[in-house]
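Okay, structure first, notes after.
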There are 2 protein chains.
Amino acid sequence: MHIDRAATAGHSFKSGPQAKFTVAKPPHPNTPLTEHLAYLLAQANREINRQLESRLSTEGVPVEQWRILKVLSDGEGHSMGDLAEAVLLNHPTLTKMIDRMVSDSLVYRRQDANDRRKVLMFISDRGKALCKRLNSLAASQEAYILANYGDKATGELKRLLENLIDAAS
Amino acid sequence: MHIDRAATAGHSFKSGPQAKFTVAKPPHPNTPLTEHLAYLLAQANREINRQLESRLSTEGVPVEQWRILKVLSDGEGHSMGDLAEAVLLNHPTLTKMIDRMVSDSLVYRRQDANDRRKVLMFISDRGKALCKRLNSLAASQEAYILANYGDKATGELKRLLENLIDAAS
DNA sequence: TCGAAAATGTTGAATGTTCAAGAATTGGGA
DNA sequence: TCCCAATTCTTGAACATTCAACATTTTCGA
């Protein structure tokens, strides 16, 4: 094990030994992370995303690919830019993920005839079939949440999140 | 520009031309992403995190490092495992982030005398000073949110998120 | 007491993401 | 019309994260 003692030069050494004297928690917890909205959001997102990920792993598909398929499910062409915005990925990341999905024959590219800078993405039949299976996996997760967390709370939370997103962007 | 036409073999071509006939939105939108709690959480988290990140960038510090400093601010030693859990990072990622922070003399390592498998992390004086500055940057973001989004909604949202986290984990 | 299994951290390779730059196309003003 | 700036997407290099394997220490049952 590698402890970098050199880096401690010039630091107070009081903190180390102090630990053994602070068995009881201080009355006013030192402004813990959980007071911050940003942290609660990160934590909740992480947990819910984990669960969803584990469901979708049945099909070996990352959450983002499900989102992409879902957006393309309307059968219309979506530009890379619009897609990136919709699925919360930035452009280069999306490009490379789409490359993989094209290799898997889940989606395909077409040049936009009206604006040839643009690339329009379409879902394939294979992609549609996969998306259908993924949708039901995701639906079962939502059902699980609703059961554990309650209909009302879920609805209220969604509403508040939508408002926050509107207010923040 | 590289359009992989080979990948489209065997796909229905109906979707493309169809687009021009669906100008008006269908009455029942094709189950868009925004109906899913997981998506709303991801979106809100992304937005809030972006804002926080941009504030903290004044000090050139990623959000995770602020969280680490905040946890260590109690002056006690925290094991890598506990830290990882608290700041929502997995072990290897934390190890490498801590390596950077040690290089920057923000924190330092000590071996736990009681359990020598463990490494205890401590904050340095330099780290404390930085953390103080970061706290006020973060506080100004929270104030901004409260102003735009409302006291009541923020409190309610926090409460619901806490419950969700409890229910989900 | 001994030894196997569990717990704790770190490492290196594989993988993924991001940043900056580039290519192609469009748009709009001189 | 022509050219330069803006838009859209992709690429390659730098960077960060993750997975699996490892080393060390502790725990606990035989």
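Letters A, B, ... mark the chains of the structure tokens in the order given; residue numbers begin at 1 per chain; ligand numbers begin at 1, in order shown.
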Exercise. Taking only C-alpha atoms (C1' of nucleotides) into account, which residues of chain D are within 8 Å of chain B, as JSON, numbers by chain?
Worked result: {"D": [9, 10, 17, 18, 24, 25, 26]}
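Between chain A and the residues B:Ser136, B:Ser124, B:Thr58, B:Gln141, the shortest atom-to-atom distance, using only C-alpha atoms, involves B:Ser124.
Nearest-residue note for DG9 (chain C): choosing from B:Leu41, B:Leu120, B:Ile48, B:Leu56, the minimum distance belongs to B:Leu120, counting only C-alpha atoms (C1' of nucleotides).
The protein and nucleic acid residues lying at most 12 Å from Asn163 (chain A) are Glu156, Leu157 and Ser169 of chain A; Leu40, Leu41, Gln43, Ala44, Ile145, Asn148, Tyr149, Gly150, Ala153, Thr154 and Leu157 of chain B, with only C-alpha atoms (C1' of nucleotides) considered and sequence neighbours fewer than 6 positions away removed.
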Grab the residues selected above and save them as a short mmCIF file (atom, residue, chain, number, x, y, z; two decimals), in the first residue's frame with N, CA, C and O atoms.
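Generated output (part03.cif):
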data_model
loop_
_atom_site.label_atom_id
_atom_site.label_comp_id
_atom_site.auth_asym_id
_atom_site.auth_seq_id
_atom_site.Cartn_x
_atom_site.Cartn_y
_atom_site.Cartn_z
N GLU A 156 -46.28 13.82 -8.10
CA GLU A 156 -45.85 15.12 -7.58
C GLU A 156 -44.37 15.38 -7.89
O GLU A 156 -43.99 16.47 -8.30
N LEU A 157 -43.57 14.34 -7.72
CA LEU A 157 -42.14 14.48 -8.00
C LEU A 157 -41.91 14.82 -9.46
O LEU A 157 -41.12 15.71 -9.79
N SER A 169 -33.43 26.11 -17.04
CA SER A 169 -32.82 26.18 -18.38
C SER A 169 -33.35 27.34 -19.19
O SER A 169 -33.22 28.47 -18.83
N LEU B 40 -36.57 12.37 -16.37
CA LEU B 40 -36.70 13.68 -15.72
C LEU B 40 -35.58 13.89 -14.71
O LEU B 40 -35.00 14.97 -14.60
N LEU B 41 -35.28 12.84 -13.97
CA LEU B 41 -34.19 12.94 -13.01
C LEU B 41 -32.87 13.21 -13.70
O LEU B 41 -32.09 14.06 -13.26
N GLN B 43 -32.38 14.59 -16.55
CA GLN B 43 -32.39 15.92 -17.14
C GLN B 43 -32.16 16.99 -16.07
O GLN B 43 -31.32 17.89 -16.24
N ALA B 44 -32.89 16.88 -14.97
CA ALA B 44 -32.75 17.86 -13.90
C ALA B 44 -31.34 17.81 -13.33
O ALA B 44 -30.70 18.85 -13.10
N ILE B 145 -31.24 29.21 -7.30
CA ILE B 145 -32.34 28.27 -7.53
C ILE B 145 -33.55 28.66 -6.69
O ILE B 145 -34.67 28.72 -7.19
N ASN B 148 -35.37 31.51 -8.21
CA ASN B 148 -36.07 31.23 -9.47
C ASN B 148 -37.19 30.22 -9.32
O ASN B 148 -38.13 30.21 -10.11
N TYR B 149 -37.03 29.35 -8.37
CA TYR B 149 -37.89 28.16 -8.34
C TYR B 149 -38.81 28.20 -7.12
O TYR B 149 -39.82 27.50 -7.10
N GLY B 150 -38.44 28.98 -6.17
CA GLY B 150 -39.31 29.12 -5.01
C GLY B 150 -38.87 28.30 -3.82
O GLY B 150 -38.41 27.17 -3.96
N ALA B 153 -41.32 25.08 -3.26
CA ALA B 153 -41.11 23.99 -4.22
C ALA B 153 -39.78 23.30 -3.96
O ALA B 153 -39.68 22.07 -4.01
N THR B 154 -38.76 24.09 -3.66
CA THR B 154 -37.45 23.50 -3.39
C THR B 154 -37.50 22.56 -2.19
O THR B 154 -37.00 21.44 -2.26
N LEU B 157 -39.44 19.47 -3.08
CA LEU B 157 -38.66 18.60 -3.97
C LEU B 157 -37.60 17.83 -3.19
O LEU B 157 -37.42 16.63 -3.37
#
Report the closest atom pair, with its distance in Å rounded to one decimal, for each residue of chain C that has an atom no farther than 8 Å from chain B; count only C-alpha atoms (C1' of nucleotides), sort by chain and then rising residue number, and write it as a tab-separated table.
residue	atom	partner	partner_atom	distance
C:DT8	C1'	B:Arg117	CA	5.3
C:DG9	C1'	B:Lys118	CA	7.3
C:DT10	C1'	B:Thr95	CA	7.5
C:DA23	C1'	B:Met1	CA	7.8
C:DA24	C1'	B:Met1	CA	7.1
For this session: Enumerate the residues of region 31-75 of chain A with a DSSP assignment of helix (DSSP H, G or I), computed from the backbone, and present them as a PyMOL selection string.
Result: chain A and resi 33-35+37-59+63-72
